[in-house]
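Here is start.pdb, consisting of PDB, N, CA and C atoms and all ligand atoms:
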```pdb
MODEL        1
ATOM      1  N   THR A  23      49.545  42.680  35.156
ATOM      2  CA  THR A  23      48.339  43.092  35.900
ATOM      3  C   THR A  23      47.926  41.982  36.854
ATOM      4  N   THR A  24      47.305  42.403  37.911
ATOM      5  CA  THR A  24      46.892  41.442  38.932
ATOM      6  C   THR A  24      45.608  40.753  38.513
ATOM      7  N   ASN A  25      45.601  39.453  38.678
ATOM      8  CA  ASN A  25      44.421  38.658  38.356
ATOM      9  C   ASN A  25      43.608  38.434  39.637
ATOM     10  N   TRP A  26      42.619  39.297  39.870
ATOM     11  CA  TRP A  26      41.817  39.195  41.094
ATOM     12  C   TRP A  26      40.700  38.184  40.902
ATOM     13  N   ILE A  27      40.551  37.306  41.853
ATOM     14  CA  ILE A  27      39.528  36.258  41.787
ATOM     15  C   ILE A  27      38.495  36.490  42.883
ATOM     16  N   ASP A  28      37.247  36.449  42.477
ATOM     17  CA  ASP A  28      36.126  36.624  43.413
ATOM     18  C   ASP A  28      36.027  35.379  44.292
ATOM     19  N   ALA A  29      36.282  35.534  45.597
ATOM     20  CA  ALA A  29      36.350  34.373  46.485
ATOM     21  C   ALA A  29      35.109  34.179  47.330
ATOM     22  N   ALA A  30      34.507  35.270  47.790
ATOM     23  CA  ALA A  30      33.408  35.135  48.751
ATOM     24  C   ALA A  30      32.714  36.476  48.915
ATOM     25  N   ALA A  31      31.523  36.429  49.509
ATOM     26  CA  ALA A  31      30.864  37.667  49.929
ATOM     27  C   ALA A  31      31.560  38.169  51.187
ATOM     28  N   ARG A  32      31.796  39.470  51.250
ATOM     29  CA  ARG A  32      32.457  40.035  52.438
ATOM     30  C   ARG A  32      31.700  39.666  53.711
ATOM     31  N   ASP A  33      30.363  39.700  53.616
ATOM     32  CA  ASP A  33      29.546  39.429  54.803
ATOM     33  C   ASP A  33      29.641  37.984  55.278
ATOM     34  N   ASP A  34      30.132  37.100  54.426
ATOM     35  CA  ASP A  34      30.244  35.694  54.830
ATOM     36  C   ASP A  34      31.513  35.412  55.629
ATOM     37  N   VAL A  35      32.456  36.353  55.643
ATOM     38  CA  VAL A  35      33.699  36.118  56.405
ATOM     39  C   VAL A  35      33.424  36.432  57.869
ATOM     40  N   PRO A  36      33.603  35.460  58.735
ATOM     41  CA  PRO A  36      33.272  35.672  60.143
ATOM     42  C   PRO A  36      34.302  36.577  60.823
ATOM     43  N   GLU A  37      33.842  37.426  61.736
ATOM     44  CA  GLU A  37      34.758  38.292  62.478
ATOM     45  C   GLU A  37      35.402  37.483  63.603
ATOM     46  N   ASP A  38      36.709  37.664  63.779
ATOM     47  CA  ASP A  38      37.472  36.936  64.799
ATOM     48  C   ASP A  38      37.336  35.427  64.638
ATOM     49  N   ASP A  39      37.301  35.010  63.385
ATOM     50  CA  ASP A  39      37.196  33.567  63.131
ATOM     51  C   ASP A  39      37.742  33.284  61.730
ATOM     52  N   VAL A  40      37.799  32.013  61.414
ATOM     53  CA  VAL A  40      38.378  31.552  60.156
ATOM     54  C   VAL A  40      37.351  30.714  59.410
ATOM     55  N   MET A  41      37.388  30.793  58.062
ATOM     56  CA  MET A  41      36.560  29.910  57.241
ATOM     57  C   MET A  41      37.440  29.325  56.136
ATOM     58  N   GLY A  42      37.121  28.093  55.755
ATOM     59  CA  GLY A  42      37.831  27.461  54.659
ATOM     60  C   GLY A  42      36.943  27.427  53.439
ATOM     61  N   LEU A  43      37.541  27.589  52.253
ATOM     62  CA  LEU A  43      36.748  27.512  51.037
ATOM     63  C   LEU A  43      37.657  27.185  49.857
ATOM     64  N   ALA A  44      37.044  26.659  48.806
ATOM     65  CA  ALA A  44      37.791  26.376  47.585
ATOM     66  C   ALA A  44      37.727  27.602  46.695
ATOM     67  N   VAL A  45      38.897  28.063  46.228
ATOM     68  CA  VAL A  45      38.970  29.183  45.291
ATOM     69  C   VAL A  45      39.879  28.748  44.147
ATOM     70  N   ALA A  46      39.313  28.697  42.958
ATOM     71  CA  ALA A  46      40.078  28.299  41.775
ATOM     72  C   ALA A  46      40.814  26.981  42.016
ATOM     73  N   GLY A  47      40.135  26.043  42.668
ATOM     74  CA  GLY A  47      40.701  24.717  42.878
ATOM     75  C   GLY A  47      41.692  24.625  44.016
ATOM     76  N   ARG A  48      41.868  25.721  44.765
ATOM     77  CA  ARG A  48      42.787  25.678  45.904
ATOM     78  C   ARG A  48      42.011  25.757  47.213
ATOM     79  N   ASP A  49      42.601  25.166  48.235
ATOM     80  CA  ASP A  49      42.003  25.177  49.565
ATOM     81  C   ASP A  49      42.546  26.414  50.300
ATOM     82  N   ILE A  50      41.674  27.395  50.517
ATOM     83  CA  ILE A  50      42.066  28.706  51.034
ATOM     84  C   ILE A  50      41.381  28.941  52.383
ATOM     85  N   ALA A  51      42.094  29.601  53.284
ATOM     86  CA  ALA A  51      41.505  30.045  54.547
ATOM     87  C   ALA A  51      41.352  31.562  54.511
ATOM     88  N   LEU A  52      40.166  32.038  54.895
ATOM     89  CA  LEU A  52      39.921  33.473  55.046
ATOM     90  C   LEU A  52      39.718  33.763  56.528
ATOM     91  N   TYR A  53      40.307  34.868  56.974
ATOM     92  CA  TYR A  53      40.251  35.249  58.384
ATOM     93  C   TYR A  53      39.668  36.655  58.485
ATOM     94  N   GLY A  54      38.756  36.857  59.402
ATOM     95  CA  GLY A  54      38.257  38.198  59.703
ATOM     96  C   GLY A  54      38.862  38.662  61.015
ATOM     97  N   VAL A  55      39.687  39.728  60.948
ATOM     98  CA  VAL A  55      40.341  40.241  62.163
ATOM     99  C   VAL A  55      40.270  41.762  62.147
ATOM    100  N   GLY A  56      39.665  42.333  63.167
ATOM    101  CA  GLY A  56      39.656  43.788  63.315
ATOM    102  C   GLY A  56      39.045  44.503  62.120
ATOM    103  N   GLY A  57      38.041  43.892  61.512
ATOM    104  CA  GLY A  57      37.382  44.519  60.371
ATOM    105  C   GLY A  57      38.109  44.322  59.056
ATOM    106  N   GLU A  58      39.248  43.631  59.088
ATOM    107  CA  GLU A  58      39.986  43.342  57.864
ATOM    108  C   GLU A  58      39.867  41.862  57.527
ATOM    109  N   VAL A  59      40.205  41.529  56.274
ATOM    110  CA  VAL A  59      40.181  40.135  55.821
ATOM    111  C   VAL A  59      41.587  39.750  55.366
ATOM    112  N   PHE A  60      42.037  38.577  55.786
ATOM    113  CA  PHE A  60      43.325  38.035  55.385
ATOM    114  C   PHE A  60      43.108  36.654  54.775
ATOM    115  N   ALA A  61      44.031  36.271  53.897
ATOM    116  CA  ALA A  61      43.891  34.992  53.203
ATOM    117  C   ALA A  61      45.226  34.255  53.177
ATOM    118  N   THR A  62      45.171  32.952  53.460
ATOM    119  CA  THR A  62      46.351  32.090  53.342
ATOM    120  C   THR A  62      45.908  30.744  52.772
ATOM    121  N   ASP A  63      46.916  29.916  52.439
ATOM    122  CA  ASP A  63      46.590  28.515  52.182
ATOM    123  C   ASP A  63      45.932  27.934  53.445
ATOM    124  N   ASN A  64      45.055  26.955  53.218
ATOM    125  CA  ASN A  64      44.319  26.382  54.351
ATOM    126  C   ASN A  64      45.026  25.173  54.948
ATOM    127  N   ILE A  65      45.943  24.560  54.187
ATOM    128  CA  ILE A  65      46.613  23.359  54.680
ATOM    129  C   ILE A  65      47.891  23.761  55.411
ATOM    130  N   CYS A  66      48.052  23.285  56.611
ATOM    131  CA  CYS A  66      49.234  23.558  57.423
ATOM    132  C   CYS A  66      50.491  23.106  56.687
ATOM    133  N   THR A  67      51.603  23.816  56.907
ATOM    134  CA  THR A  67      52.854  23.429  56.257
ATOM    135  C   THR A  67      53.570  22.309  57.013
ATOM    136  N   HIS A  68      53.037  21.909  58.153
ATOM    137  CA  HIS A  68      53.684  20.875  58.967
ATOM    138  C   HIS A  68      53.092  19.495  58.724
ATOM    139  N   GLY A  69      51.822  19.422  58.455
ATOM    140  CA  GLY A  69      51.176  18.142  58.222
ATOM    141  C   GLY A  69      49.859  18.379  57.533
ATOM    142  N   HIS A  70      49.088  17.329  57.363
ATOM    143  CA  HIS A  70      47.844  17.503  56.615
ATOM    144  C   HIS A  70      46.694  17.845  57.557
ATOM    145  N   ALA A  71      46.659  19.091  57.967
ATOM    146  CA  ALA A  71      45.560  19.595  58.787
ATOM    147  C   ALA A  71      45.036  20.857  58.134
ATOM    148  N   ARG A  72      43.748  21.080  58.279
ATOM    149  CA  ARG A  72      43.127  22.284  57.716
ATOM    150  C   ARG A  72      43.040  23.346  58.803
ATOM    151  N   LEU A  73      43.602  24.497  58.500
ATOM    152  CA  LEU A  73      43.650  25.567  59.510
ATOM    153  C   LEU A  73      42.266  26.106  59.839
ATOM    154  N   CYS A  74      41.311  25.924  58.918
ATOM    155  CA  CYS A  74      39.947  26.380  59.221
ATOM    156  C   CYS A  74      39.330  25.570  60.355
ATOM    157  N   ASP A  75      39.947  24.441  60.693
ATOM    158  CA  ASP A  75      39.492  23.656  61.851
ATOM    159  C   ASP A  75      40.240  24.055  63.122
ATOM    160  N   GLY A  76      41.112  25.034  63.004
ATOM    161  CA  GLY A  76      41.910  25.483  64.143
ATOM    162  C   GLY A  76      41.254  26.631  64.876
ATOM    163  N   PHE A  77      42.084  27.345  65.629
ATOM    164  CA  PHE A  77      41.585  28.361  66.552
ATOM    165  C   PHE A  77      42.294  29.677  66.263
ATOM    166  N   LEU A  78      41.495  30.712  65.967
ATOM    167  CA  LEU A  78      42.065  32.033  65.661
ATOM    168  C   LEU A  78      42.031  32.905  66.905
ATOM    169  N   GLU A  79      43.201  33.447  67.258
ATOM    170  CA  GLU A  79      43.249  34.398  68.367
ATOM    171  C   GLU A  79      44.042  35.611  67.895
ATOM    172  N   GLY A  80      43.378  36.755  67.814
ATOM    173  CA  GLY A  80      44.023  37.931  67.226
ATOM    174  C   GLY A  80      44.428  37.605  65.802
ATOM    175  N   HIS A  81      45.698  37.870  65.481
ATOM    176  CA  HIS A  81      46.184  37.584  64.129
ATOM    177  C   HIS A  81      46.859  36.223  64.025
ATOM    178  N   GLU A  82      46.709  35.381  65.045
ATOM    179  CA  GLU A  82      47.369  34.072  65.018
ATOM    180  C   GLU A  82      46.355  32.947  64.838
ATOM    181  N   ILE A  83      46.676  32.065  63.882
ATOM    182  CA  ILE A  83      45.875  30.857  63.716
ATOM    183  C   ILE A  83      46.642  29.677  64.302
ATOM    184  N   GLU A  84      45.965  28.914  65.134
ATOM    185  CA  GLU A  84      46.571  27.735  65.754
ATOM    186  C   GLU A  84      46.092  26.495  65.020
ATOM    187  N   CYS A  85      47.055  25.695  64.557
ATOM    188  CA  CYS A  85      46.720  24.463  63.841
ATOM    189  C   CYS A  85      46.049  23.466  64.788
ATOM    190  N   PRO A  86      45.002  22.789  64.301
ATOM    191  CA  PRO A  86      44.284  21.858  65.176
ATOM    192  C   PRO A  86      45.056  20.576  65.481
ATOM    193  N   LEU A  87      46.115  20.286  64.704
ATOM    194  CA  LEU A  87      46.758  18.970  64.858
ATOM    195  C   LEU A  87      47.869  18.970  65.915
ATOM    196  N   HIS A  88      48.831  19.919  65.784
ATOM    197  CA  HIS A  88      49.929  19.945  66.779
ATOM    198  C   HIS A  88      50.091  21.327  67.403
ATOM    199  N   GLN A  89      49.110  22.186  67.212
ATOM    200  CA  GLN A  89      49.084  23.506  67.868
ATOM    201  C   GLN A  89      50.225  24.427  67.430
ATOM    202  N   GLY A  90      50.781  24.184  66.233
ATOM    203  CA  GLY A  90      51.667  25.193  65.651
ATOM    204  C   GLY A  90      50.853  26.439  65.316
ATOM    205  N   LYS A  91      51.547  27.579  65.186
ATOM    206  CA  LYS A  91      50.820  28.820  64.915
ATOM    207  C   LYS A  91      51.478  29.613  63.791
ATOM    208  N   PHE A  92      50.626  30.356  63.083
ATOM    209  CA  PHE A  92      51.064  31.262  62.017
ATOM    210  C   PHE A  92      50.411  32.616  62.214
ATOM    211  N   ASP A  93      51.139  33.659  61.753
ATOM    212  CA  ASP A  93      50.533  34.987  61.656
ATOM    213  C   ASP A  93      49.757  35.043  60.344
ATOM    214  N   VAL A  94      48.455  35.298  60.415
ATOM    215  CA  VAL A  94      47.630  35.236  59.199
ATOM    216  C   VAL A  94      47.927  36.388  58.242
ATOM    217  N   ARG A  95      48.595  37.450  58.727
ATOM    218  CA  ARG A  95      48.917  38.586  57.857
ATOM    219  C   ARG A  95      50.051  38.256  56.900
ATOM    220  N   SER A  96      50.992  37.463  57.362
ATOM    221  CA  SER A  96      52.203  37.209  56.577
ATOM    222  C   SER A  96      52.397  35.737  56.247
ATOM    223  N   GLY A  97      51.706  34.857  56.990
ATOM    224  CA  GLY A  97      51.930  33.426  56.857
ATOM    225  C   GLY A  97      53.157  32.937  57.616
ATOM    226  N   GLN A  98      53.845  33.843  58.313
ATOM    227  CA  GLN A  98      55.062  33.433  59.023
ATOM    228  C   GLN A  98      54.728  32.567  60.243
ATOM    229  N   PRO A  99      55.526  31.534  60.476
ATOM    230  CA  PRO A  99      55.313  30.708  61.660
ATOM    231  C   PRO A  99      55.626  31.497  62.937
ATOM    232  N   THR A 100      54.823  31.323  63.967
ATOM    233  CA  THR A 100      55.039  32.039  65.229
ATOM    234  C   THR A 100      55.156  31.093  66.412
ATOM    235  N   CYS A 101      54.935  29.796  66.199
ATOM    236  CA  CYS A 101      55.030  28.853  67.316
ATOM    237  C   CYS A 101      55.352  27.470  66.765
ATOM    238  N   ALA A 102      56.286  26.770  67.422
ATOM    239  CA  ALA A 102      56.627  25.397  67.042
ATOM    240  C   ALA A 102      55.387  24.515  67.149
ATOM    241  N   PRO A 103      55.343  23.404  66.366
ATOM    242  CA  PRO A 103      56.423  22.854  65.548
ATOM    243  C   PRO A 103      56.473  23.384  64.115
ATOM    244  N   VAL A 104      55.689  24.361  63.738
ATOM    245  CA  VAL A 104      55.756  24.793  62.345
ATOM    246  C   VAL A 104      56.996  25.658  62.121
ATOM    247  N   THR A 105      57.661  25.436  60.987
ATOM    248  CA  THR A 105      58.849  26.206  60.639
ATOM    249  C   THR A 105      58.732  26.828  59.252
ATOM    250  N   GLU A 106      57.920  26.212  58.385
ATOM    251  CA  GLU A 106      57.737  26.715  57.032
ATOM    252  C   GLU A 106      56.596  27.717  57.012
ATOM    253  N   PRO A 107      56.800  28.865  56.351
ATOM    254  CA  PRO A 107      55.688  29.806  56.243
ATOM    255  C   PRO A 107      54.556  29.254  55.382
ATOM    256  N   LEU A 108      53.362  29.747  55.663
ATOM    257  CA  LEU A 108      52.204  29.496  54.818
ATOM    258  C   LEU A 108      52.224  30.504  53.695
ATOM    259  N   ARG A 109      51.704  30.149  52.542
ATOM    260  CA  ARG A 109      51.507  31.188  51.523
ATOM    261  C   ARG A 109      50.357  32.089  51.958
ATOM    262  N   SER A 110      50.580  33.381  51.868
ATOM    263  CA  SER A 110      49.495  34.327  52.129
ATOM    264  C   SER A 110      49.228  35.091  50.842
ATOM    265  N   TYR A 111      48.030  35.606  50.721
ATOM    266  CA  TYR A 111      47.587  36.191  49.450
ATOM    267  C   TYR A 111      47.048  37.600  49.651
ATOM    268  N   PRO A 112      47.324  38.490  48.685
ATOM    269  CA  PRO A 112      46.721  39.825  48.732
ATOM    270  C   PRO A 112      45.195  39.734  48.655
ATOM    271  N   VAL A 113      44.550  40.618  49.413
ATOM    272  CA  VAL A 113      43.089  40.665  49.491
ATOM    273  C   VAL A 113      42.637  42.080  49.152
ATOM    274  N   LYS A 114      41.566  42.194  48.385
ATOM    275  CA  LYS A 114      40.894  43.493  48.297
ATOM    276  C   LYS A 114      39.391  43.279  48.449
ATOM    277  N   ILE A 115      38.756  44.306  48.996
ATOM    278  CA  ILE A 115      37.304  44.269  49.183
ATOM    279  C   ILE A 115      36.710  45.261  48.198
ATOM    280  N   GLU A 116      35.829  44.771  47.345
ATOM    281  CA  GLU A 116      35.216  45.655  46.353
ATOM    282  C   GLU A 116      33.839  45.113  45.998
ATOM    283  N   GLY A 117      32.868  46.010  45.977
ATOM    284  CA  GLY A 117      31.513  45.600  45.605
ATOM    285  C   GLY A 117      30.929  44.570  46.543
ATOM    286  N   GLY A 118      31.332  44.626  47.816
ATOM    287  CA  GLY A 118      30.804  43.682  48.791
ATOM    288  C   GLY A 118      31.373  42.281  48.666
ATOM    289  N   ARG A 119      32.412  42.142  47.827
ATOM    290  CA  ARG A 119      33.046  40.840  47.621
ATOM    291  C   ARG A 119      34.485  40.867  48.091
ATOM    292  N   VAL A 120      34.979  39.674  48.429
ATOM    293  CA  VAL A 120      36.386  39.492  48.779
ATOM    294  C   VAL A 120      37.104  38.955  47.541
ATOM    295  N   TRP A 121      38.145  39.699  47.100
ATOM    296  CA  TRP A 121      38.912  39.315  45.913
ATOM    297  C   TRP A 121      40.315  38.928  46.345
ATOM    298  N   LEU A 122      40.813  37.852  45.759
ATOM    299  CA  LEU A 122      42.156  37.373  46.085
ATOM    300  C   LEU A 122      43.039  37.360  44.840
ATOM    301  N   ALA A 123      44.308  37.662  45.060
ATOM    302  CA  ALA A 123      45.319  37.516  44.006
ATOM    303  C   ALA A 123      46.118  36.259  44.329
ATOM    304  N   LEU A 124      45.844  35.187  43.597
ATOM    305  CA  LEU A 124      46.432  33.882  43.925
ATOM    306  C   LEU A 124      47.718  33.590  43.159
ATOM    307  N   ASP A 125      48.052  34.406  42.162
ATOM    308  CA  ASP A 125      49.238  34.099  41.352
ATOM    309  C   ASP A 125      50.522  34.438  42.081
TER     310      ASP A 125
HETATM  311 FE1  LIG B 201      49.889  21.791  61.762
HETATM  312 FE2  LIG B 201      51.419  19.822  62.779
HETATM  313  S1  LIG B 201      49.996  19.707  61.138
HETATM  314  S2  LIG B 201      51.258  21.878  63.469
ENDMDL
END
```
Serialized structure, structure tokens:
Amino acid sequence: TTNWIDAAARDDVPEDDVMGLAVAGRDIALYGVGGEVFATDNICTHGHARLCDGFLEGHEIECPLHQGKFDVRSGQPTCAPVTEPLRSYPVKIEGGRVWLALD
């Protein structure tokens, strides 16, 4: 069974923007895009930068350090210098809360 963890209030996730938060001891980024919420690890796979300090355009998050990019839906890299995917996590919205499956 899926272990859903209550991460945030749905209303706290900014639309067309990214927020960073700690969930179960992990540094997680939540993205609001087109009325949906996506979740990935917050630390870039290329270096020690927090993606919540980067720039979200559509479904792409741009890292603030070297401007690598990832698709927030899949965590796949979309622009150099990043080559390693980010971990992305299943999200569900229930009871006005954002729930993540981190396992
Ligand atoms: Fe993110 Fe280099 S640390 S692109």
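Going from CA of Phe77 in chain A to atom N of Leu124 in chain A covers 24.3 Å.
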Do you know which residues are within 5 Å of ligand LIG 201 (chain B) using only N, CA and C atoms and all ligand atoms? Can you write them as number ranges by chain? A: 66, 68-71, 85, 87-90
Once the PyMOL selection byres (((chain A and resi 114-122) around 6) and not hetatm) has been evaluated on this model, what residues remain selected, and can you format them as a PyMOL selection string? chain A and resi 25-33+112-113+123-124
Spatial sel., origin (42.8, 26.2, 60.2), limit 8 Å, only N, CA and C atoms, listed as a VMD selection string: chain A and resid 40 to 42 51 63 to 66 71 to 78 83 to 86
Using all atoms listed in the file, find each residue of range 32-60 of chain A with at least one atom at most 8 Å away from an atom of range 93-110 of chain A; report its shortest atom-to-atom pair and that distance in Å (one decimal), sort the rows by chain and rising residue number, and return the result as a Markdown table.
```
| residue | atom | partner | partner_atom | distance |
| --- | --- | --- | --- | --- |
| A:Tyr53 | CA | A:Val94 | CA | 7.4 |
| A:Val59 | C | A:Val94 | C | 7.7 |
| A:Phe60 | CA | A:Val94 | C | 5.7 |
```
Per DSSP on the backbone, filter chain A down to the residues in helix (DSSP H, G or I) and report them as a list in words.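 In chain A, DSSP puts these residues in helix (DSSP H, G or I): Arg32, Asp33, Asp34, Leu73, Cys74 and Asp75 of chain A.
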Requested write-out: N, CA and C atoms of the selected residues, as a PDB file, keeping the file's coordinate frame:
```pdb
ATOM      1  N   ARG A  32      31.796  39.470  51.250  1.00  0.00           N
ATOM      2  CA  ARG A  32      32.457  40.035  52.438  1.00  0.00           C
ATOM      3  C   ARG A  32      31.700  39.666  53.711  1.00  0.00           C
ATOM      4  N   ASP A  33      30.363  39.700  53.616  1.00  0.00           N
ATOM      5  CA  ASP A  33      29.546  39.429  54.803  1.00  0.00           C
ATOM      6  C   ASP A  33      29.641  37.984  55.278  1.00  0.00           C
ATOM      7  N   ASP A  34      30.132  37.100  54.426  1.00  0.00           N
ATOM      8  CA  ASP A  34      30.244  35.694  54.830  1.00  0.00           C
ATOM      9  C   ASP A  34      31.513  35.412  55.629  1.00  0.00           C
ATOM     10  N   LEU A  73      43.602  24.497  58.500  1.00  0.00           N
ATOM     11  CA  LEU A  73      43.650  25.567  59.510  1.00  0.00           C
ATOM     12  C   LEU A  73      42.266  26.106  59.839  1.00  0.00           C
ATOM     13  N   CYS A  74      41.311  25.924  58.918  1.00  0.00           N
ATOM     14  CA  CYS A  74      39.947  26.380  59.221  1.00  0.00           C
ATOM     15  C   CYS A  74      39.330  25.570  60.355  1.00  0.00           C
ATOM     16  N   ASP A  75      39.947  24.441  60.693  1.00  0.00           N
ATOM     17  CA  ASP A  75      39.492  23.656  61.851  1.00  0.00           C
ATOM     18  C   ASP A  75      40.240  24.055  63.122  1.00  0.00           C
TER      19      ASP A  75
END
```
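Picture a line from atom C of Asp34 in chain A to CA of Glu58 in chain A; it runs 11.8 Å.
Going from CA of Thr24 in chain A to atom N of Leu52 in chain A covers 19.7 Å.
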Based on DSSP run over this structure's backbone, return all residues of range 37-120 of chain A in strand (DSSP E or B), as a ChimeraX atom specification. /A:37,39-45,48-55,58-63,65,72,77-79,82-84,91-93,99-101,110-111,113-116,119-120
Using only N, CA and C atoms, pick whichever of A:Glu79, A:Gly54, A:Asp49, A:Thr23 has the shortest atom-to-atom distance to Pro36 in chain A. A:Gly54
Counting only N, CA and C atoms, the option among A:Gly80, A:Asp125, A:Ile50, A:Thr67 closest to Asp38 in chain A: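 Looking only at the distances to Asp38 in chain A, the closest residue turns out to be A:Gly80.
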Could the centre and edge lengths of an axis-aligned box, enclosing all atoms of range 26-29 of chain A in the file with 3 Å extra on each side, be given in Å to one decimal as lines of an AutoDock Vina configuration file?
```
center_x = 38.9
center_y = 36.7
center_z = 43.6
size_x = 13.5
size_y = 11.1
size_z = 13.5
```
